[in-house]
Each structure stands twice: as structure tokens, then as C-alpha cells.
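Taking it in order: structure first as C-alpha cells, then the write-up.
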Amino acid sequence: MRWRRYLLAGLTTVVLSTATQGQGPQTYDVELLQIESGGVRHEFTVEIALTPAQQTQGLMFRQTMSGDAGMLFLYKQVRYANMWMRNTILPLDMLFIEATGRISRIVKRTVPQSLETISSRGPVLAVLELNAGTVERFGISVGDRVLHSVFDVGR
């Protein structure tokens with residue numbers, strides 16, 4: 001799959017060149033977030049998947065992703081999340097994030113193209129997908145905090 005980045009009025013959007021399940025190509029706003037782990041903050045540039053169509057497409061068919069990039073799946077309310085790797089070529093680390101921004105579960109090195117369900121095992125507001133090995137490289141663990149405007153870090 002080919003993708004392009006556009007910078008429009010200070011807002012970066014990623015446009016994918018092929019459709020998902022009959023829907024048009026999805027676009028994603030791109031934002032910065034940080035993960036605070038062991039007193040160190042690691043910064044990532046993430047695409048934001050808000051709509052059902054964006055979340056369905058996710059990182060499907062991507063062949064590469066920058067080491068400091070990822071995708072943040074944001075839900076309208078706290079819920080149990082179930083993910084899978086259908087049509088996803090890249091192995092990923094999945095971080096399940098509570099409304100407070102705390103990481104409640106991590107699944108490392110998911111298997112590309114697998115149809116196995118990967119569950120949050122508890123209520124979350126978001127799921128962050130990063131390149132496989134990122135969690136180990138930065139020493140990220142359950143209980144670490146994700147810093148982004150959507151999380152209620154005061155709790």
C-alpha cells in the first residue's frame with residue numbers, strides 16, 4: 001500500500017491510496033504524544049484513528065513505519081477493546097491505555113496477518129500501536145503513563 005503525507009495549515013494528515021472494505025481511503029490527523037517510563041519521556045508521532053472506518057483500516061497493508069511513529073485508536077468512551085492483525089504486515093507492540101493515561105496491558109511483537117483476538121482484558125480509552133520491539137527498546141511497562149490531551153492525567 002502506498003501512502004502520502006500532506007501538511008495543511010500546520011496539521012499533518014496521512015492519506016492512504018487504497019480503500020478498506022468499499023470505503024474510501026482513510027485520512028488520519030497526526031499528533032505528538034509521550035510515554036513516561038522510568039522518569040524519561042519518549043516522544044512519538046502518531047496517527048489518530050477516531051472513526052469506525054479509520055479504526056477498521058488501522059495500519060493494514062503498511063510496509064514500513066518510522067521508529068518514532070505509531071497509531072492511537074481513540075474510543076468515544078471507556079470500553080473493552082479487541083484488536084487483530086488482519087492484513088497488517090508489520091509486527092506491532094500494542095499498548096492498552098486507561099482513561100487516566102496509564103498503560104494497563106502490553107502485548108509485544110504481535111504476529112502479522114493473524115486473526116487471533118488481542119483483548120484489552122479491561123476497560124480502556126485507547127490502544128497505541130508501535131513498531132514491534134519499541135516497548136523493550138524504551139523499557140515501557142504496565143503502569144507507565146501516556147501523555148496526550150485526551151487522557152485525564154489528574155486521576
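Within each chain, counting starts at residue 1; across the C-alpha cells, chains are named A, B, ... in the order shown, with ligands numbered 1 upward in that order.
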
Exercise. Write out as a VMD selection string which residues come within 8 Å of stretch 48-53 of chain A when counting only C-alpha atoms, dropping same-chain ones fewer than 4 positions away.
Key: chain A and resid 20 23 26 28 to 31 57 to 58 71 to 75

Practice problem: From chain A, collect each residue whose DSSP state is alpha helix (DSSP H) and return the set as a list in words. | Solution: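 Matching residues for alpha helix (DSSP H) in chain A are Pro52, Ala53, Gln54, Gln55, Thr56, Gln57, Thr134, Val135, Glu136, Arg137 and Phe138 of chain A.
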
Quiz prompt | Nearest to A:Leu128, chosen from A:Met60, A:Ile103, A:Val40, A:Met65, with only C-alpha atoms counted in the distances | solution =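 Residue with the minimum atom-to-atom distance to A:Leu128: A:Ile103.
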
Exercise. Quick one: everything within 10 Å of A:Met85, counting only C-alpha atoms, minus sequence neighbours fewer than 2 positions away in the same chain. Send it as a PyMOL selection string.
Key: chain A and resi 58-60+83+87-92+110-118

Practice problem: Pick out the closest residue to A:Leu33 from this set: A:Met94, A:Arg137, A:Gln77, A:Gly101. Count only C-alpha atoms. | Solution: A:Gly101
